[in-house]
Every structure is written in structure tokens, then in C-alpha cells.
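Some notes on the structure that comes next.
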Amino acid sequence: AAISCDGKIAGGDSEWITCDEARADAKEYRSYCDCVLVGLGTVEADNCELASSNGRSLLRVIIDPTLSLGLDFKVFRDEDVFVACTERLLPEAAEKFEDAGVKFRRFGSERVDISALLKYLFEEFGVQSVFVEGGAKVHESFLDAGFVDAFLVYIAPLQIGPEGLSGLGGRNIENLKREFN
């Protein structure tokens with residue numbers, strides 16, 4: 001995650017809050033994993049490519065509960081993309097994704113079931129490591145499911161303010177001693 005010193009992420013009219021070196025470093029770390037995962041908000045806001053630093057092809061996974069994304073985003077540049085959706089997917093969108101050859105699957109009724117998604121990614125694609133590069137909702141899903149081994153956070157020396165988007169979310173920890181001992 002790239003956040004401001006007050007814990008906010010870039011949004012709206014700002015594309016980047018970190019420097020070129022931080023973005024290159026994150027791209028390098030991304031290349032160590034089998035796939036990179038983002039939410040539809042990240043795709044819409046950044047029109048990201050989600051490429052590795054070493055040219056290695058890596059699976060790009062997008063969480064899009066209703067398959068609402070258009071297929072003109074850079075992330076759909078080749079067949080190495082998979083979309084996790086829910087039972088709420090729009091029927092006309094499913095047909096559009098099928099016609100374009102974009103792989104997708106349902107994982108839950110309201111929210112994407114992270115445990116089921118990770119199991120599927122392992123069984124179907126052999127994924128053993130996932131670089132989660134989403135916004136607060138995606139990070140919250142992984143934290144709440146208990147699937148976080150480490151954080152890589154870049155903190156920009158600026159404040160966005162209380163109206164900004166939170167960079168990290170998740171369940172409230174009721175007892176720090178119990179959680180981390």
C-alpha cells in the first residue's frame with residue numbers, strides 16, 4: 001500500500017502519492033509472487049498494468065463482485081487475468097467476459113470469499129504467493145480472513161486530510177495481547 005502519513009491513499013484527481021523509486025520497488029516485490037491481486041476500484045482509478053519488473057508473466061487477479069469493469073483497461077491486455085466475482089454478477093457482463101475470453105468465477109453471494117478464492121487459485125493456476133495491491137476494502141478482506149503474512153507500506157511525506165480514502169481497513173482488534181502473543 002502507498003499511503004500518506006495520515007493513512008490515506010491517492011484518489012480522485014491524484015494518481016500517485018509516492019515517488020518513482022517506491023513504485024519501482026513495489027513492482028520488484030510484485031515480481032517475486034505468482035500473482036498480483038487488486039480490486040475493481042484500483043483498476044478504475046489507476047488503469048494499471050500490474051506488470052512485473054523482470055518481464056515475467058504473472059497472473060493478474062481482480063475482485064469485481066458484479067463484473068462491472070469494462071474490458072478496455074490495460075490489465076486486460078492478454079489472457080493472464082482472472083476475475084473473482086459473486087452471485088451478484090450482471091448476466092450481460094458475464095456474457096461480455098465470456099465472449100472476450102476473460103476467465104472469471106463466482107466466490108460467494110455478497111462478497112468474494114477470500115479463502116475459496118485462494119484455494120481455487122492454487123488448484124487451478126498453481127498460485128502459492130499473492131501480492132495484494134488493493135485499496136482498503138481488498139486489504140480488509142484479506143486481514144479479516146487471516147491471510148496476511150507481511151505488509152509492504154510506502155508512506156508519503158504528506159497529509160491528505162480527513163476527507164481522503166483510508167488506505168487500510170479491517171476488523172477492530174479487541175485485545176492486542178491476545179492477537180499478537
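Following the order of the C-alpha cells, first chain is A, next is B, and so on, with residues numbered from 1 inside each chain and ligands from 1 in the order they appear.
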Long-range neighbours of Ile160 (chain A) as number ranges by chain, 9 Å cut-off, only C-alpha atoms, 3 positions minimum in chain: A: 4-10, 163-165
What's the 7 Å shell around region 57-69 of chain A, counting only C-alpha atoms, without same-chain residues fewer than 5 positions away, as JSON, numbers by chain? {"A": [34, 35, 36, 37, 38, 39, 40, 50, 80, 81, 82, 83, 84, 85, 86, 88, 89, 90, 93, 94, 111, 112]}
Just write the chosen residues, N, CA and C atoms, as a JSON list (two decimals), in the first residue's frame.
[["chain", "number", "residue", "atom", "x", "y", "z"],
["A", 34, "ASP", "N", 3.48, -15.18, -7.42],
["A", 34, "ASP", "CA", 2.83, -15.87, -8.54],
["A", 34, "ASP", "C", 1.73, -15.04, -9.16],
["A", 35, "CYS", "N", 1.12, -14.17, -8.36],
["A", 35, "CYS", "CA", 0.07, -13.32, -8.91],
["A", 35, "CYS", "C", -0.04, -12.03, -8.11],
["A", 36, "VAL", "N", -0.67, -11.05, -8.73],
["A", 36, "VAL", "CA", -0.96, -9.79, -8.07],
["A", 36, "VAL", "C", -2.48, -9.64, -8.07],
["A", 37, "LEU", "N", -3.02, -9.18, -6.95],
["A", 37, "LEU", "CA", -4.47, -9.08, -6.79],
["A", 37, "LEU", "C", -4.86, -7.66, -6.42],
["A", 38, "VAL", "N", -5.88, -7.14, -7.10],
["A", 38, "VAL", "CA", -6.42, -5.82, -6.82],
["A", 38, "VAL", "C", -7.94, -5.88, -6.86],
["A", 39, "GLY", "N", -8.55, -4.82, -6.42],
["A", 39, "GLY", "CA", -10.00, -4.69, -6.54],
["A", 39, "GLY", "C", -10.35, -3.86, -7.75],
["A", 40, "LEU", "N", -11.62, -3.85, -8.09],
["A", 40, "LEU", "CA", -12.06, -3.10, -9.26],
["A", 40, "LEU", "C", -11.81, -1.61, -9.11],
["A", 50, "LEU", "N", -0.22, -3.74, -13.89],
["A", 50, "LEU", "CA", 0.14, -4.79, -12.94],
["A", 50, "LEU", "C", 1.20, -5.72, -13.52],
["A", 80, "ASP", "N", -3.58, -13.52, -19.24],
["A", 80, "ASP", "CA", -3.11, -13.78, -17.87],
["A", 80, "ASP", "C", -3.87, -12.95, -16.84],
["A", 81, "VAL", "N", -5.17, -12.94, -16.93],
["A", 81, "VAL", "CA", -6.01, -12.20, -16.00],
["A", 81, "VAL", "C", -7.19, -13.08, -15.59],
["A", 82, "PHE", "N", -7.57, -12.96, -14.33],
["A", 82, "PHE", "CA", -8.69, -13.73, -13.79],
["A", 82, "PHE", "C", -9.52, -12.80, -12.92],
["A", 83, "VAL", "N", -10.84, -12.89, -13.02],
["A", 83, "VAL", "CA", -11.71, -12.02, -12.25],
["A", 83, "VAL", "C", -12.54, -12.86, -11.28],
["A", 84, "ALA", "N", -12.47, -12.49, -10.00],
["A", 84, "ALA", "CA", -13.26, -13.14, -8.95],
["A", 84, "ALA", "C", -14.52, -12.30, -8.74],
["A", 85, "CYS", "N", -15.68, -12.93, -8.88],
["A", 85, "CYS", "CA", -16.94, -12.20, -8.71],
["A", 85, "CYS", "C", -17.83, -12.95, -7.73],
["A", 86, "THR", "N", -19.06, -12.52, -7.61],
["A", 86, "THR", "CA", -20.02, -13.13, -6.70],
["A", 86, "THR", "C", -21.27, -13.53, -7.49],
["A", 88, "ARG", "N", -23.82, -12.00, -7.48],
["A", 88, "ARG", "CA", -24.45, -10.75, -7.91],
["A", 88, "ARG", "C", -24.01, -10.30, -9.29],
["A", 89, "LEU", "N", -23.20, -11.11, -9.99],
["A", 89, "LEU", "CA", -22.70, -10.68, -11.28],
["A", 89, "LEU", "C", -23.84, -10.36, -12.23],
["A", 90, "LEU", "N", -23.61, -9.40, -13.08],
["A", 90, "LEU", "CA", -24.60, -8.97, -14.04],
["A", 90, "LEU", "C", -24.59, -9.94, -15.23],
["A", 93, "ALA", "N", -22.92, -8.83, -18.32],
["A", 93, "ALA", "CA", -21.48, -8.70, -18.13],
["A", 93, "ALA", "C", -20.80, -10.06, -18.24],
["A", 94, "ALA", "N", -21.43, -11.09, -17.70],
["A", 94, "ALA", "CA", -20.87, -12.44, -17.79],
["A", 94, "ALA", "C", -20.72, -12.84, -19.25],
["A", 111, "ARG", "N", -20.12, -11.04, -0.95],
["A", 111, "ARG", "CA", -18.70, -10.65, -1.01],
["A", 111, "ARG", "C", -17.90, -11.84, -1.50],
["A", 112, "VAL", "N", -16.76, -11.56, -2.12],
["A", 112, "VAL", "CA", -15.88, -12.63, -2.57],
["A", 112, "VAL", "C", -15.30, -13.32, -1.34]]
With a distance cut-off of 8 Å and only C-alpha atoms, select the neighbouring residues of Glu87 (chain A), excluding the residue or stretch itself and same-chain residues fewer than 5 positions from it, and output the selection as a list of chain:residue names. A:Pro65, A:Thr66, A:Arg106, A:Phe107, A:Gly108, A:Ser109, A:Glu110
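Between CA of Ala1 (chain A) and CA of Ile17 (chain A) the interatomic distance comes to 10.7 Å.
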Got a sec: who's within 10 Å of Lys27 (chain A), counting only C-alpha atoms, leaving out chain neighbours fewer than 6 positions off, as an MDAnalysis selection string? chainID A and resid 21 50:54
Write the selection just made, keeping C-alpha atoms, as a CSV table (one decimal), in the first residue's frame?
chain,number,residue,atom,x,y,z
A,21,GLU,CA,11.7,4.7,-6.6
A,50,LEU,CA,0.1,-4.8,-12.9
A,51,ALA,CA,3.3,-5.9,-14.7
A,52,SER,CA,6.4,-7.5,-13.0
A,53,SER,CA,9.8,-5.7,-13.0
A,54,ASN,CA,11.6,-8.7,-14.7
Ranking A:Asp25, A:Asp20, A:Glu44, A:Asp144 by minimum distance to Asp113 (chain A) and counting only C-alpha atoms, which one comes first?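 Of all the options, A:Asp144 lies closest to Asp113 (chain A).
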From the set A:Ala150, A:Val75, A:Ala145, A:Val102, which residue has the shortest atom-to-atom contact distance to Ser129 (chain A), counting only C-alpha atoms? A:Ala150
